[in-house]
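Enquirer: Structure provided below as structure tokens; questions to follow.
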Amino acid sequence: MSKHVFLTGPPGVGKTTLIQKVTQALKSTGTAIDGFYTEEVREGGRRTGFDVVTLSGKRGPLSRVSSDSSASRRECRVGQYVVDVGSFEQLVLPMLRNVNHGTDAEKKICVIDEVGKMELFSQAFIQAVRQTLTGSRTVVLGTIPIPKGKPLDLVEEIRNRKDVKVFNVSKENRNSIFQDILAAVESCRK
């Protein structure tokens with residue numbers, strides 16, 4: 001039986017949009033839900049980075065385009081983006097710790113969008129995700145990238161867990177898969 005639901009698919013296919021729709025549907029029924037999603041930051045029509053946005057409305061930088069090609073080797077980089085690990089951890093870690101505590105009889109839902117290369121620069125985030133997945137009080141609704149290049153350990157761990165249901169999101173199914181995802185999340189809460 002599944003305890004968690006993850007979406008996977010190519011970049012830009014609509015995983016975050018689906019997560020946001022499911023989140024709104026669950027919130028409208030009074031379901032306890034917390035978490036975060038990533039959002040593109042655009043300036044003048046160009047993507048300049050990504051922000052982390054918590055469901056409680058806090059926002060901070062996850063990454064920004066770096067114009068300096070001779071940047072410090074200590075920087076965490078994914079392609080042209082420099083990852084702001086400190087900002088990410090400040091926003092996400094307290095929320096992940098809080099979601100695992102509490103006395104509600106019903107399981108809480110924790111949105112983790114996404115478990116990807118940028119987020120995995122944080123060892124504390126990796127530990128917090130593992131704790132959340134093994135805890136019995138929380139259902140995770142998250143996204144993971146499709147395998148490309150060198151496998152990401154935590155992503156493969158999530159993909160291969162027996163208690164995780166993975167939905168492959170494509171351009172063909174993204175408009176019809178919403179009810180299936182919502183039903184899967186609701187069944188995980190029982």
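Naming scheme: A, B, ... for chains in displayed order of the structure tokens; residues 1 onward per chain; ligands 1 onward as shown.
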List as a Markdown table every residue of segment 48-120 of chain A that is in contact with segment 137-151 of chain A, defined as an atom at most 6 Å from one of its atoms (using only C-alpha atoms), together with the nearest atom pair and the distance in Å rounded to one decimal, sorted by chain and then rising number.

Expert:
| residue | atom | partner | partner_atom | distance |
| --- | --- | --- | --- | --- |
| A:Lys107 | CA | A:Arg137 | CA | 5.0 |
| A:Lys108 | CA | A:Thr138 | CA | 4.9 |
| A:Ile109 | CA | A:Val139 | CA | 4.7 |
| A:Cys110 | CA | A:Val140 | CA | 4.8 |
| A:Val111 | CA | A:Leu141 | CA | 4.8 |
| A:Ile112 | CA | A:Gly142 | CA | 4.5 |
| A:Asp113 | CA | A:Thr143 | CA | 5.1 |
| A:Glu114 | CA | A:Thr143 | CA | 4.9 |
| A:Val115 | CA | A:Ile144 | CA | 5.3 |

Enquirer: As a list in words, please: the residues near segment 77-88 of chain A (cut-off 6 Å, only C-alpha atoms, same-chain neighbours under 3 positions excluded).

Expert: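 Answer for this query is Leu62, Ser63, Arg64, Val65, Ser66 and Leu91 of chain A.
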
Enquirer: Just to confirm, what's the straight-line distance from atom CA of Lys171 of chain A to atom CA of Thr17 of chain A in Å (one decimal)?

Expert: 12.4 Å

Enquirer: With a distance cut-off of 7 Å and only C-alpha atoms, select the neighbouring residues of Val53 of chain A, excluding the residue or stretch itself and same-chain residues fewer than 3 positions from it, and output the selection as a PyMOL selection string.

Expert: chain A and resi 36-38+57-60

Enquirer: Please produce a file of those selected residues containing N, CA and C atoms, as an mmCIF file, in the first residue's frame.

Expert:
data_model
loop_
_atom_site.group_PDB
_atom_site.id
_atom_site.type_symbol
_atom_site.label_atom_id
_atom_site.label_comp_id
_atom_site.auth_asym_id
_atom_site.auth_seq_id
_atom_site.Cartn_x
_atom_site.Cartn_y
_atom_site.Cartn_z
ATOM 1 N N PHE A 36 6.380 23.056 0.225
ATOM 2 C CA PHE A 36 6.932 24.093 -0.638
ATOM 3 C C PHE A 36 6.905 23.634 -2.088
ATOM 4 N N TYR A 37 6.979 24.624 -2.969
ATOM 5 C CA TYR A 37 7.181 24.337 -4.389
ATOM 6 C C TYR A 37 8.201 25.333 -4.929
ATOM 7 N N THR A 38 8.730 25.022 -6.095
ATOM 8 C CA THR A 38 9.691 25.919 -6.725
ATOM 9 C C THR A 38 8.998 26.654 -7.859
ATOM 10 N N GLY A 57 3.279 30.914 2.479
ATOM 11 C CA GLY A 57 3.459 32.207 1.813
ATOM 12 C C GLY A 57 4.850 32.815 1.887
ATOM 13 N N LYS A 58 5.808 32.126 2.514
ATOM 14 C CA LYS A 58 7.172 32.653 2.551
ATOM 15 C C LYS A 58 7.860 32.341 1.228
ATOM 16 N N ARG A 59 8.782 33.213 0.845
ATOM 17 C CA ARG A 59 9.480 33.052 -0.440
ATOM 18 C C ARG A 59 10.934 33.438 -0.282
ATOM 19 N N GLY A 60 11.811 32.710 -0.985
ATOM 20 C CA GLY A 60 13.224 33.055 -0.973
ATOM 21 C C GLY A 60 13.917 32.433 -2.169
#
